[in-house]
file model.pdb (PDB, C-alpha atoms, pLDDT in the B column)
MODEL        1
ATOM      1  CA  MET J   1      -3.628   3.375 -20.615  1.00 60.00           C
ATOM      2  CA  ARG J   2      -3.871  -0.307 -19.791  1.00 59.00           C
ATOM      3  CA  ARG J   3      -6.375  -1.338 -17.175  1.00 59.00           C
ATOM      4  CA  ARG J   4      -5.123  -3.586 -14.390  1.00 58.00           C
ATOM      5  CA  LYS J   5      -6.847  -6.853 -13.752  1.00 60.00           C
ATOM      6  CA  PRO J   6      -8.756  -6.805 -10.474  1.00 70.00           C
ATOM      7  CA  GLY J   7      -7.000  -9.939  -9.203  1.00 82.00           C
ATOM      8  CA  ILE J   8      -8.066 -13.528  -8.863  1.00 76.00           C
ATOM      9  CA  ARG J   9     -10.699 -14.436  -6.289  1.00 80.00           C
ATOM     10  CA  ALA J  10      -9.712 -17.124  -3.788  1.00 70.00           C
ATOM     11  CA  ALA J  11     -12.605 -19.384  -4.812  1.00 71.00           C
ATOM     12  CA  ASP J  12     -11.350 -19.303  -8.408  1.00 73.00           C
ATOM     13  CA  ALA J  13      -7.849 -20.275  -7.274  1.00 74.00           C
ATOM     14  CA  ARG J  14      -9.035 -23.228  -5.183  1.00 68.00           C
ATOM     15  CA  ALA J  15      -7.222 -26.520  -5.829  1.00 69.00           C
ATOM     16  CA  ARG J  16      -9.340 -28.723  -8.064  1.00 69.00           C
ATOM     17  CA  GLY J  17      -7.440 -32.008  -8.064  1.00 65.00           C
ATOM     18  CA  GLY J  18      -7.922 -33.185  -4.496  1.00 63.00           C
ATOM     19  CA  GLY J  19      -4.933 -34.757  -2.809  1.00 61.00           C
ATOM     20  CA  PRO J  20      -3.170 -33.594   0.332  1.00 69.00           C
ATOM     21  CA  GLY J  21      -3.549 -30.033   1.472  1.00 66.00           C
ATOM     22  CA  ARG J  22      -5.189 -27.722   3.935  1.00 70.00           C
ATOM     23  CA  GLY J  23      -8.414 -27.180   2.074  1.00 71.00           C
ATOM     24  CA  SER J  24      -9.983 -23.840   1.261  1.00 75.00           C
ATOM     25  CA  PRO J  25     -12.774 -23.024   3.729  1.00 79.00           C
ATOM     26  CA  PRO J  26     -15.029 -20.091   2.820  1.00 82.00           C
ATOM     27  CA  ALA J  27     -13.901 -18.045   5.842  1.00 85.00           C
ATOM     28  CA  ALA J  28     -10.268 -18.353   4.743  1.00 85.00           C
ATOM     29  CA  GLU J  29     -11.212 -17.431   1.179  1.00 86.00           C
ATOM     30  CA  ARG J  30     -12.923 -14.271   2.513  1.00 87.00           C
ATOM     31  CA  VAL J  31      -9.743 -13.293   4.365  1.00 87.00           C
ATOM     32  CA  SER J  32      -7.700 -13.906   1.203  1.00 86.00           C
ATOM     33  CA  ASP J  33     -10.043 -11.753  -0.874  1.00 84.00           C
ATOM     34  CA  ASP J  34     -10.222  -9.034   1.781  1.00 86.00           C
ATOM     35  CA  LEU J  35      -6.474  -8.709   2.271  1.00 88.00           C
ATOM     36  CA  ARG J  36      -5.541  -8.897  -1.388  1.00 88.00           C
ATOM     37  CA  LEU J  37      -8.482  -7.228  -3.113  1.00 89.00           C
ATOM     38  CA  GLY J  38     -10.649  -5.509  -0.524  1.00 86.00           C
ATOM     39  CA  ARG J  39     -11.123  -1.884   0.426  1.00 89.00           C
ATOM     40  CA  GLY J  40     -12.309  -0.190   3.576  1.00 87.00           C
ATOM     41  CA  GLY J  41     -12.447  -1.678   7.054  1.00 85.00           C
ATOM     42  CA  PHE J  42      -8.882  -0.501   7.831  1.00 95.00           C
ATOM     43  CA  LEU J  43      -7.360  -2.712   5.125  1.00 94.00           C
ATOM     44  CA  GLY J  44      -5.253   0.222   3.940  1.00 95.00           C
ATOM     45  CA  GLU J  45      -3.879   0.648   7.435  1.00 97.00           C
ATOM     46  CA  ARG J  46      -3.166  -3.066   7.745  1.00 96.00           C
ATOM     47  CA  ARG J  47      -1.361  -3.022   4.401  1.00 97.00           C
ATOM     48  CA  ALA J  48       0.714  -0.064   5.592  1.00 98.00           C
ATOM     49  CA  VAL J  49       1.676  -1.910   8.785  1.00 98.00           C
ATOM     50  CA  ALA J  50       2.528  -5.060   6.813  1.00 98.00           C
ATOM     51  CA  GLY J  51       4.633  -3.112   4.309  1.00 98.00           C
ATOM     52  CA  LEU J  52       6.539  -1.307   7.039  1.00 98.00           C
ATOM     53  CA  VAL J  53       7.155  -4.507   9.012  1.00 98.00           C
ATOM     54  CA  LEU J  54       8.371  -6.188   5.834  1.00 98.00           C
ATOM     55  CA  GLY J  55      10.696  -3.218   5.265  1.00 98.00           C
ATOM     56  CA  ALA J  56      12.097  -3.675   8.767  1.00 98.00           C
ATOM     57  CA  SER J  57      12.463  -7.388   8.036  1.00 98.00           C
ATOM     58  CA  VAL J  58      14.574  -6.680   4.952  1.00 98.00           C
ATOM     59  CA  SER J  59      16.879  -4.583   7.116  1.00 97.00           C
ATOM     60  CA  TYR J  60      17.070  -7.347   9.715  1.00 97.00           C
ATOM     61  CA  GLY J  61      17.834  -9.817   6.943  1.00 98.00           C
ATOM     62  CA  VAL J  62      20.816  -7.767   5.812  1.00 97.00           C
ATOM     63  CA  VAL J  63      22.131  -7.604   9.389  1.00 97.00           C
ATOM     64  CA  ALA J  64      21.545 -11.350   9.778  1.00 97.00           C
ATOM     65  CA  LEU J  65      23.736 -12.012   6.738  1.00 97.00           C
ATOM     66  CA  TYR J  66      26.578 -10.314   8.599  1.00 97.00           C
ATOM     67  CA  GLN J  67      25.821 -11.788  12.013  1.00 97.00           C
ATOM     68  CA  PHE J  68      25.769 -15.319  10.605  1.00 97.00           C
ATOM     69  CA  GLY J  69      29.023 -14.733   8.706  1.00 96.00           C
ATOM     70  CA  LEU J  70      27.452 -15.027   5.273  1.00 97.00           C
ATOM     71  CA  VAL J  71      28.946 -11.649   4.331  1.00 96.00           C
ATOM     72  CA  ARG J  72      32.060 -10.032   5.793  1.00 95.00           C
ATOM     73  CA  ARG J  73      31.075  -6.395   5.246  1.00 94.00           C
ATOM     74  CA  LEU J  74      27.832  -4.476   5.522  1.00 93.00           C
ATOM     75  CA  PRO J  75      27.222  -1.735   2.979  1.00 93.00           C
ATOM     76  CA  GLU J  76      26.420   1.560   4.670  1.00 93.00           C
ATOM     77  CA  PRO J  77      26.376   5.226   3.802  1.00 92.00           C
ATOM     78  CA  PRO J  78      29.683   6.969   4.583  1.00 90.00           C
ATOM     79  CA  LEU J  79      28.277   9.100   7.389  1.00 92.00           C
ATOM     80  CA  PRO J  80      29.812   9.969  10.745  1.00 92.00           C
ATOM     81  CA  GLY J  81      28.484   7.841  13.580  1.00 93.00           C
ATOM     82  CA  VAL J  82      27.367   5.005  11.301  1.00 95.00           C
ATOM     83  CA  ASP J  83      29.116   1.686  11.906  1.00 93.00           C
ATOM     84  CA  ALA J  84      26.869  -1.366  11.596  1.00 93.00           C
ATOM     85  CA  GLU J  85      29.735  -3.817  11.661  1.00 92.00           C
ATOM     86  CA  ARG J  86      30.970  -2.657  15.059  1.00 91.00           C
ATOM     87  CA  VAL J  87      27.465  -2.419  16.523  1.00 93.00           C
ATOM     88  CA  ASP J  88      26.281  -5.776  15.155  1.00 94.00           C
ATOM     89  CA  ALA J  89      29.452  -7.718  16.010  1.00 93.00           C
ATOM     90  CA  THR J  90      29.333  -6.985  19.730  1.00 91.00           C
ATOM     91  CA  GLY J  91      28.472  -9.695  22.216  1.00 91.00           C
ATOM     92  CA  GLU J  92      25.353  -7.704  23.146  1.00 89.00           C
ATOM     93  CA  ALA J  93      23.984  -8.527  19.718  1.00 91.00           C
ATOM     94  CA  TYR J  94      24.253 -12.241  20.546  1.00 94.00           C
ATOM     95  CA  ALA J  95      23.205 -12.135  24.218  1.00 91.00           C
ATOM     96  CA  LEU J  96      19.491 -12.984  23.893  1.00 89.00           C
ATOM     97  CA  LEU J  97      19.191 -16.764  23.423  1.00 90.00           C
ATOM     98  CA  ARG J  98      22.883 -16.750  22.411  1.00 93.00           C
ATOM     99  CA  THR J  99      21.862 -16.144  18.831  1.00 94.00           C
ATOM    100  CA  PRO J 100      22.132 -13.155  16.482  1.00 96.00           C
ATOM    101  CA  ASP J 101      19.661 -10.474  17.518  1.00 95.00           C
ATOM    102  CA  ALA J 102      18.679 -10.011  13.872  1.00 97.00           C
ATOM    103  CA  ALA J 103      17.264 -13.556  13.946  1.00 97.00           C
ATOM    104  CA  VAL J 104      15.229 -12.699  17.041  1.00 97.00           C
ATOM    105  CA  ALA J 105      14.029  -9.492  15.354  1.00 97.00           C
ATOM    106  CA  LEU J 106      12.978 -11.442  12.250  1.00 98.00           C
ATOM    107  CA  ALA J 107      10.989 -13.890  14.377  1.00 98.00           C
ATOM    108  CA  SER J 108       9.329 -11.005  16.207  1.00 98.00           C
ATOM    109  CA  ALA J 109       8.485  -9.274  12.920  1.00 98.00           C
ATOM    110  CA  GLY J 110       6.946 -12.542  11.722  1.00 98.00           C
ATOM    111  CA  ILE J 111       4.609 -12.540  14.719  1.00 98.00           C
ATOM    112  CA  THR J 112       3.629  -8.945  13.973  1.00 98.00           C
ATOM    113  CA  LEU J 113       2.850  -9.898  10.361  1.00 98.00           C
ATOM    114  CA  VAL J 114       0.703 -12.826  11.487  1.00 98.00           C
ATOM    115  CA  LEU J 115      -1.278 -10.598  13.844  1.00 98.00           C
ATOM    116  CA  THR J 116      -1.632  -7.914  11.172  1.00 97.00           C
ATOM    117  CA  GLY J 117      -2.876 -10.402   8.591  1.00 96.00           C
ATOM    118  CA  ALA J 118      -5.236 -12.348  10.846  1.00 95.00           C
ATOM    119  CA  GLY J 119      -8.922 -11.800  10.220  1.00 93.00           C
ATOM    120  CA  GLY J 120     -11.095 -10.280   7.557  1.00 91.00           C
ATOM    121  CA  ARG J 121     -12.073  -6.743   6.654  1.00 92.00           C
ATOM    122  CA  LEU J 122     -14.321  -6.267   9.696  1.00 93.00           C
ATOM    123  CA  ARG J 123     -12.048  -7.805  12.287  1.00 94.00           C
ATOM    124  CA  HIS J 124     -12.130  -4.575  14.307  1.00 95.00           C
ATOM    125  CA  ARG J 125     -15.815  -5.340  14.901  1.00 94.00           C
ATOM    126  CA  ASP J 126     -15.815  -9.154  14.857  1.00 93.00           C
ATOM    127  CA  HIS J 127     -12.516  -9.794  16.701  1.00 94.00           C
ATOM    128  CA  PRO J 128     -11.536  -6.562  18.464  1.00 96.00           C
ATOM    129  CA  TRP J 129      -9.173  -8.385  20.848  1.00 96.00           C
ATOM    130  CA  LEU J 130      -7.111  -9.488  17.839  1.00 96.00           C
ATOM    131  CA  VAL J 131      -6.822  -5.899  16.616  1.00 97.00           C
ATOM    132  CA  LEU J 132      -5.778  -4.718  20.078  1.00 97.00           C
ATOM    133  CA  LEU J 133      -3.173  -7.471  20.293  1.00 98.00           C
ATOM    134  CA  ALA J 134      -1.801  -6.515  16.852  1.00 98.00           C
ATOM    135  CA  ALA J 135      -1.658  -2.833  17.800  1.00 98.00           C
ATOM    136  CA  GLY J 136       0.020  -3.657  21.102  1.00 98.00           C
ATOM    137  CA  LYS J 137       2.613  -5.720  19.260  1.00 98.00           C
ATOM    138  CA  ALA J 138       3.271  -2.847  16.828  1.00 98.00           C
ATOM    139  CA  VAL J 139       3.736  -0.436  19.740  1.00 98.00           C
ATOM    140  CA  GLY J 140       6.009  -2.951  21.464  1.00 98.00           C
ATOM    141  CA  ASP J 141       8.087  -3.342  18.304  1.00 98.00           C
ATOM    142  CA  ALA J 142       8.521   0.427  18.064  1.00 98.00           C
ATOM    143  CA  GLY J 143       9.459   0.658  21.732  1.00 98.00           C
ATOM    144  CA  ALA J 144      12.016  -2.131  21.465  1.00 96.00           C
ATOM    145  CA  ALA J 145      13.513  -0.563  18.349  1.00 96.00           C
ATOM    146  CA  ALA J 146      13.780   2.808  20.115  1.00 96.00           C
ATOM    147  CA  VAL J 147      15.514   1.195  23.111  1.00 95.00           C
ATOM    148  CA  LEU J 148      18.028  -0.511  20.798  1.00 93.00           C
ATOM    149  CA  PHE J 149      18.681   2.774  18.989  1.00 95.00           C
ATOM    150  CA  VAL J 150      19.356   4.579  22.274  1.00 95.00           C
ATOM    151  CA  GLU J 151      21.554   1.666  23.384  1.00 93.00           C
ATOM    152  CA  GLN J 152      23.614   1.967  20.193  1.00 94.00           C
ATOM    153  CA  VAL J 153      24.057   5.721  20.538  1.00 94.00           C
ATOM    154  CA  ALA J 154      24.842   5.639  24.263  1.00 93.00           C
ATOM    155  CA  GLY J 155      26.932   2.487  24.345  1.00 91.00           C
ATOM    156  CA  HIS J 156      28.724   2.516  21.019  1.00 91.00           C
ATOM    157  CA  ARG J 157      28.567   6.167  19.990  1.00 93.00           C
ATOM    158  CA  ALA J 158      27.581   4.730  16.620  1.00 94.00           C
ATOM    159  CA  VAL J 159      24.470   3.318  14.985  1.00 95.00           C
ATOM    160  CA  CYS J 160      23.727   0.583  12.528  1.00 96.00           C
ATOM    161  CA  SER J 161      22.029   2.234   9.553  1.00 96.00           C
ATOM    162  CA  TRP J 162      20.088  -0.975   8.857  1.00 97.00           C
ATOM    163  CA  CYS J 163      18.832  -1.120  12.442  1.00 96.00           C
ATOM    164  CA  THR J 164      17.918   2.570  12.290  1.00 97.00           C
ATOM    165  CA  LEU J 165      15.917   1.979   9.122  1.00 97.00           C
ATOM    166  CA  ALA J 166      14.118  -0.925  10.807  1.00 98.00           C
ATOM    167  CA  ALA J 167      13.385   1.265  13.843  1.00 97.00           C
ATOM    168  CA  LEU J 168      11.922   3.986  11.641  1.00 98.00           C
ATOM    169  CA  CYS J 169       9.703   1.411   9.926  1.00 98.00           C
ATOM    170  CA  HIS J 170       8.430   0.163  13.288  1.00 98.00           C
ATOM    171  CA  VAL J 171       7.716   3.681  14.536  1.00 98.00           C
ATOM    172  CA  ALA J 172       5.889   4.534  11.300  1.00 98.00           C
ATOM    173  CA  ALA J 173       3.729   1.398  11.694  1.00 98.00           C
ATOM    174  CA  VAL J 174       2.254   2.595  14.997  1.00 98.00           C
ATOM    175  CA  PRO J 175      -0.215   5.254  13.728  1.00 98.00           C
ATOM    176  CA  PRO J 176      -2.026   2.974  11.242  1.00 98.00           C
ATOM    177  CA  ALA J 177      -2.129   0.169  13.821  1.00 98.00           C
ATOM    178  CA  LEU J 178      -3.619   2.522  16.417  1.00 98.00           C
ATOM    179  CA  LYS J 179      -6.246   3.777  13.982  1.00 97.00           C
ATOM    180  CA  GLU J 180      -7.705   0.286  13.689  1.00 97.00           C
ATOM    181  CA  ALA J 181      -7.286  -0.237  17.459  1.00 97.00           C
ATOM    182  CA  ARG J 182      -9.462   2.824  18.186  1.00 97.00           C
ATOM    183  CA  ALA J 183     -12.228   1.276  16.088  1.00 96.00           C
ATOM    184  CA  ALA J 184     -11.812  -2.010  17.972  1.00 96.00           C
ATOM    185  CA  LEU J 185     -12.120  -0.202  21.298  1.00 95.00           C
ATOM    186  CA  SER J 186     -15.305   1.461  20.048  1.00 94.00           C
ATOM    187  CA  ALA J 187     -16.655  -1.938  19.050  1.00 91.00           C
ATOM    188  CA  LEU J 188     -15.876  -3.309  22.499  1.00 89.00           C
ATOM    189  CA  GLY J 189     -17.626  -0.335  24.048  1.00 86.00           C
ATOM    190  CA  GLY J 190     -20.713  -0.951  21.931  1.00 74.00           C
ATOM    191  CA  THR J 191     -20.373   2.185  19.771  1.00 59.00           C
ATOM    192  CA  ARG J 192     -20.061   0.425  16.445  1.00 49.00           C
TER
ENDMDL
END
call {"tool": "encode", "arguments": {"input": "model.pdb", "output": "structure tokens"}}
result
Amino acid sequence: MRRRKPGIRAADARARGGGPGRGSPPAAERVSDDLRLGRGGFLGERRAVAGLVLGASVSYGVVALYQFGLVRRLPEPPLPGVDAERVDATGEAYALLRTPDAAVALASAGITLVLTGAGGRLRHRDHPWLVLLAAGKAVGDAGAAAVLFVEQVAGHRAVCSWCTLAALCHVAAVPPALKEARAALSALGGTR
């Protein structure tokens, strides 16, 4: 069996030639190493949240292709009550900011990813407010996805399978986000 390489450390990947760029401060290199290579400190939970949010984003991307007219048909399973094209073509789907709601969902998912990725391995102790904000955003995403699901069922008597998949991803992201949030609350309360 072949052994996997452990991965490159951020300091070893640092640009050597000078020139324009953002630089590579040690604190940023620690975050890079923690997120990509680290263990413990709720990194597994953060990776789970990031993976699930990215899964939801893929679903939103497929819907966006349809809502922007880049594709004429959305592939879906041939199940009763599944009709993404009808659900995603309605004016409701373009009401917020007069733009496709999949674009709004992608932007929102991007914010969730930023909050999930921000900070190093011990952010629950060092920046508990950031963890609580990230967990609150994950809960908000799940709530919004649930409301949209209910809206589809009640209003259209049909659901978008892609939206349903995204909703399931958001709901599944809540438990790992809350696990880190509990540790952040303990840190705020002084019970590190």
call {"tool": "residues_around", "arguments": {"input": "model.pdb", "residues": "Ser32 of chain J", "least_positions_apart": "4", "cutoff": "7 Å", "atoms": "all atoms listed in the file", "output": "ChimeraX atom specification"}}
result
/J:10,28,36
call {"tool": "residues_around", "arguments": {"input": "model.pdb", "residues": "segment 154-164 of chain J", "least_positions_apart": "2", "cutoff": "7 Å", "atoms": "all atoms listed in the file", "output": "PyMOL selection string"}}
result
chain J and resi 59+63+76+81-84+87+149-152+166-168
call {"tool": "atom_distance", "arguments": {"input": "model.pdb", "atom1": "atom CA of Ser108 of chain J", "atom2": "atom CA of Asp141 of chain J"}}
result
8.0 Å
call {"tool": "residues_around", "arguments": {"input": "model.pdb", "residues": "Arg72 of chain J", "least_positions_apart": "2", "cutoff": "12 Å", "atoms": "all atoms listed in the file", "output": "PyMOL selection string"}}
result
chain J and resi 62-70+74-75+84-86+88-89
call {"tool": "closest_residue", "arguments": {"input": "model.pdb", "among": "J:Leu96, J:Ala118, J:Ala102, J:Leu185", "to": "Leu35 of chain J", "atoms": "all atoms listed in the file"}}
result
J:Ala118
call {"tool": "closest_residue", "arguments": {"input": "model.pdb", "among": "J:Val31, J:Leu115, J:Ala172, J:Leu132", "to": "Ala146 of chain J", "atoms": "all atoms listed in the file"}}
result
J:Ala172
call {"tool": "atom_distance", "arguments": {"input": "model.pdb", "atom1": "atom CA of Thr99 of chain J", "atom2": "atom CA of Gly61 of chain J"}}
result
14.1 Å
call {"tool": "resolve_selection", "arguments": {"input": "model.pdb", "expression": "the PyMOL selection byres ((chain J and resi 112) around 9)", "output": "ChimeraX atom specification"}}
result
/J:49-50,53,107-111,113-117,134-135,137-138,141
call {"tool": "atom_distance", "arguments": {"input": "model.pdb", "atom1": "atom CA of Asp12 of chain J", "atom2": "atom CA of Ala27 of chain J"}}
result
14.5 Å
call {"tool": "resolve_selection", "arguments": {"input": "model.pdb", "expression": "the PyMOL selection byres ((chain J and resi 43) around 12)", "output": "NGL selection string"}}
result
:J and (31-42 or 44-50 or 116-124 or 131 or 176-177 or 179-180)
